[in-house]
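Heads up, the thing below is written out as structure tokens.
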Amino acid sequence: MSWDAVAAFWSDYTLRTVAAGAAVIGATAGVLGVFAQLRRQSLLGDAVSHAALPGIALVFLLTGSKAPAALVAGAAATGWLGALCVTGIVRSSRVPADSALGLVLSVFFGAGLMLLTWIQRRPDASQAGLDRFLFGQAATLLAADVATMAVLGGGAVLVLVLLWKEFKLLSFDPAYAALLGLPVRRLDILLTGLMVAAVVAGLQAVGVVLMSAMLVAPAAAARQWTDRLAPMAALAAVFGAAAGAGGAVASSLSARTPTGPAIVLAATVLVLVSLVLAPRRGLLAGVWRRWRRRRDLRLHAVLLDLHALAGQHGEPTAAPHAAAVLRAMAAGGSVRRSLRELEGRGWAAAAGGDQWTITAAGRAEAGRFLAARSAAGSAGRTRRDDAPGRDPAHRRRDRRRLRPGGHVPGAAAHGHDERRHQPLDPAGHRRGLPGGRGPRLAVAGPGRGGHRRADRRAGRGAAPHPPGQGGRGHRAGLPGAVQPGRDPAGATGGLGPPRHRRRAAGRAGLRPLRPLRPRRDRPGPARAVAGGRRAAAGRRRAGLFFKELKLATFDAGLAATLGFSPALIHYGLMSLVSVTAVASFDAVGLVLVVALMVGPPAAAHLLTDRLPRLLGLAALMGAASAIGGYWLARWLDVSIAGAMAATVGAVFLAALLLAPQRGLVAAARRRAAQRLEFALAMLAIHLSQHECGPEAADECRPDRIHLHLHWETGFAERVLRAAEQRRLLRREGGLVRLEEAGRALARGALTR
């Protein structure tokens, strides 16, 4: 393309205006998105942008005007309210930040959809055109709009530069900032307000739904290139401006390409390029580093082989060795290429006839590598042995178990060691070890199906007796023994009936899911009935996976230790979540399904601590919210999905306010009661120190107590009335006198 074509291309007023506005939005959002990412609040922009929609609709309902300034003001107000709701929910409840973000954005967006559908169905405002704020309409930008965006963005960046040190400290160490006396809460609110300003500035160009990408993508791309905050902010501004201008130009090349999605796609391309090509964190750089490490390990392996072979001769540097010998010693890789690289580094030399010898420099490098590896191993053993609670006896026992002849608990499945094939005694220990150290393993008799059941129990540390042997069984790692019972086949010394064994293992948290294997020794209908019964029981347990999900949720490390796979359980749960979300798209849509998946569990979490009750309450609240939202939508003739999301928000708000233990009302009452108890103790201490002294006429007067204790007059009177009701004091002769209960309270407070 020639310069004349470029000049003609940029001479278009609409394209120039849209590109300039998108660049301003991208630069501002990029700089502020850096701080959002460092504070792990990248989705806060998503919540603010979705919360801006009801403000736009409310301003139109109240004023009837579509002026951009008025609509932007309404969007800023509700966006600010949404950000404050997120912060307030996280600080005043046990709801985590991600759940609060998802709840606020979906509920506010649902309320906005309700208002938009109501506006569009009014007879005097059909198709008001406010829905363009959902995805943006950059083609309608004017020079005045770009100037407004520049003023808002420039003001936000200016405040950021003036308070750079404070915001930097707030992002990396808020506790240290509070220790230095900085107003952490005010700075947090101010930074949130700057993000609201950036989001509101880009609503008309990018839209409510896509504005969050402009806060996340440039900062994520810049993070791959640098570790310093100032260069990261500068790169994010450049990437944001480039994505905005590039997306605007790309959308102009096609008449049917919307500008907002094109800008987001351009930002996504920048993120992908950064993830691949960044010099330190990029994928190519990681592949290069791994290749270099493997190459160095391969070179040192061949060098150590040469060093070991050369050490068998009197003149190591004059003893050549064939490459075939080195290939036989190598674990893998190209030995000939490694030898050529060693020759290039001066660590090996070719002696002719495919013979190689190590040089003096190679021997020095091999010695240095061996010394470094030995030092690293010694340091690791020292750290492990010096761990708290590790005595010398434990260390010797650990080292013995790691040796080839050491005890390997749980490695036996049929009365022998899988590595050395040594027989075990009836208690599950290798014969010949003094004292039979190590945990005792559960054993079982070889009755009918005994070995097959023992194979299944081997995964949880159980080993059967060898044939013909008996013994008492002990649960591995647990104090005490399981009471012996009668084996199904009549063998003595078993672990009791199968149901007793399953109950004992279930109480220990070790019971696996039983495989659905029909017995082969029952012919005819009895076999079919037994198989169907076992299949129903197995499906009942395997259908819910309640035990595995609970264990992987609360203690993934213990789940992995017991043989479960937390990663597999996690991906299975995410698959169920995905299926549920996709199945709900037709009913409530892409965004509002978040409300039904987050709001009821969050509300139930405020009401109970027991997982079964939490699941039941969440299901009940979700069903009630969906039904209530449907009837609300029919009554108001508005969006059903929006009404459902708004109902979820109302249910959560009721739980947040009225929960008996964790509600805001209960918390306020507890704080008031604690304040009153502390005030009563302070009053009792004050009166006990002054009621018998000459200063009692001044210190014990009820109208002057608030001056001595630095209380407000109304609060002091409430404390005095409460003390009188509890009979801690009495008023006589214009003074306040302590009762015996008041003196006891004072003594207890002083000695506590």
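By convention here, the chains of the structure tokens are called A, B, ... in the order presented, each chain's residues are numbered starting at 1, and ligands are numbered starting at 1 in the order presented.
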So which residues of segment 193-354 of chain A fall under strand (DSSP E) by DSSP, listed as a short mmCIF file (atom, residue, chain, number, x, y, z; two decimals) with C-alpha atoms, in the first residue's frame?
data_model
loop_
_atom_site.label_atom_id
_atom_site.label_comp_id
_atom_site.auth_asym_id
_atom_site.auth_seq_id
_atom_site.Cartn_x
_atom_site.Cartn_y
_atom_site.Cartn_z
CA HIS A 321 37.52 -45.61 24.36
CA ALA A 322 35.23 -46.63 21.56
CA ALA A 348 36.91 -34.57 24.87
CA ALA A 349 39.20 -35.35 21.96
CA ALA A 350 38.95 -37.80 19.05
#
Contacts of Thr148 of chain A at 10 Å or less, counting only C-alpha atoms, minus same-chain residues fewer than 5 places along, as a PyMOL selection string?
chain A and resi 21+69+142-143+153-154+201
Convert the current residue selection to file output with N, CA, C and O atoms, as a tab-separated table (two decimals), in the first residue's frame.
chain	number	residue	atom	x	y	z
A	21	GLY	N	-10.58	7.23	19.67
A	21	GLY	CA	-11.31	6.89	20.90
A	21	GLY	C	-10.94	5.52	21.43
A	21	GLY	O	-10.76	5.34	22.65
A	69	ALA	N	-23.77	12.15	28.20
A	69	ALA	CA	-23.25	12.55	29.51
A	69	ALA	C	-24.13	12.02	30.64
A	69	ALA	O	-23.64	11.51	31.66
A	142	LEU	N	-18.30	10.67	18.33
A	142	LEU	CA	-18.01	11.99	17.78
A	142	LEU	C	-16.73	12.51	18.41
A	142	LEU	O	-16.19	11.94	19.36
A	143	ALA	N	-16.24	13.61	17.87
A	143	ALA	CA	-15.01	14.20	18.42
A	143	ALA	C	-15.22	14.63	19.87
A	143	ALA	O	-14.29	14.53	20.70
A	153	GLY	N	-9.93	9.55	30.96
A	153	GLY	CA	-8.76	8.69	31.02
A	153	GLY	C	-7.52	9.43	31.48
A	153	GLY	O	-6.74	8.91	32.30
A	154	GLY	N	-7.32	10.64	30.99
A	154	GLY	CA	-6.17	11.42	31.42
A	154	GLY	C	-6.23	11.76	32.90
A	154	GLY	O	-5.21	11.73	33.60
A	201	ALA	N	-15.84	5.01	30.62
A	201	ALA	CA	-15.39	5.73	29.44
A	201	ALA	C	-15.46	4.88	28.18
A	201	ALA	O	-15.63	5.41	27.08
Kindly give the distance, in Å, that separates atom CA of Val208 of chain A and atom CA of Arg91 of chain A, rounded to a single decimal.
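If I compute the distance from atom CA of Val208 of chain A to atom CA of Arg91 of chain A, I get 26.2 Å.
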Which residue of A:Gly352, A:Gln661, A:Ala587, A:Ala237 approaches Asp609 of chain A most closely, using only C-alpha atoms
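That would be A:Gln661, the residue with the smallest distance to Asp609 of chain A.
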Among segment 33-93 of chain A, which ones does DSSP assign to helix (DSSP H, G or I) (computed from the backbone)? Answer as JSON, numbers by chain.
{"A": [33, 34, 35, 36, 37, 38, 44, 45, 46, 47, 48, 49, 50, 51, 52, 53, 54, 55, 56, 57, 58, 59, 60, 61, 62, 63, 68, 69, 70, 71, 72, 73, 74, 75, 76, 77, 78, 79, 80, 81, 82, 83, 84, 85, 86, 87, 88, 89, 90, 91, 92]}
How about saving the chosen residues, C-alpha atoms kept, as a compact mmCIF listing (two decimals), in the first residue's frame?
# COMPACT_ATOMS: atom_id res chain seq x y z
CA GLY A 33 -5.63 -3.15 34.50
CA VAL A 34 -2.04 -3.61 35.69
CA PHE A 35 -3.04 -2.79 39.25
CA ALA A 36 -6.20 -4.88 38.96
CA GLN A 37 -4.13 -7.88 37.91
CA LEU A 38 -1.51 -7.41 40.63
CA LEU A 44 -13.61 -6.40 39.04
CA GLY A 45 -13.81 -4.60 35.70
CA ASP A 46 -16.23 -7.28 34.52
CA ALA A 47 -18.43 -6.70 37.55
CA VAL A 48 -18.30 -2.91 37.14
CA SER A 49 -19.11 -3.04 33.43
CA HIS A 50 -22.11 -5.31 33.96
CA ALA A 51 -23.26 -3.26 36.94
CA ALA A 52 -23.30 -0.14 34.73
CA LEU A 53 -26.27 -1.39 32.67
CA PRO A 54 -29.05 -0.74 35.24
CA GLY A 55 -27.68 2.78 35.77
CA ILE A 56 -28.11 3.56 32.09
CA ALA A 57 -31.69 2.28 32.13
CA LEU A 58 -32.56 4.12 35.36
CA VAL A 59 -31.25 7.45 34.04
CA PHE A 60 -33.37 7.07 30.92
CA LEU A 61 -36.45 6.21 32.99
CA LEU A 62 -35.95 9.19 35.28
CA THR A 63 -34.95 11.81 32.73
CA PRO A 68 -24.32 10.47 26.51
CA ALA A 69 -23.25 12.55 29.51
CA ALA A 70 -26.37 11.64 31.52
CA LEU A 71 -26.18 7.97 30.58
CA VAL A 72 -22.48 7.83 31.45
CA ALA A 73 -23.22 9.42 34.84
CA GLY A 74 -25.84 6.76 35.59
CA ALA A 75 -23.48 4.01 34.48
CA ALA A 76 -20.77 5.41 36.76
CA ALA A 77 -23.14 5.50 39.73
CA THR A 78 -24.30 1.89 39.49
CA GLY A 79 -20.85 0.69 38.48
CA TRP A 80 -19.44 2.31 41.61
CA LEU A 81 -22.24 0.71 43.63
CA GLY A 82 -21.42 -2.71 42.17
CA ALA A 83 -17.74 -2.33 43.07
CA LEU A 84 -18.66 -1.31 46.62
CA CYS A 85 -20.99 -4.32 46.87
CA VAL A 86 -18.17 -6.67 45.90
CA THR A 87 -15.84 -5.12 48.48
CA GLY A 88 -18.53 -5.08 51.16
CA ILE A 89 -19.55 -8.72 50.61
CA VAL A 90 -15.95 -9.92 50.81
CA ARG A 91 -15.19 -7.93 53.96
CA SER A 92 -18.39 -8.57 55.88
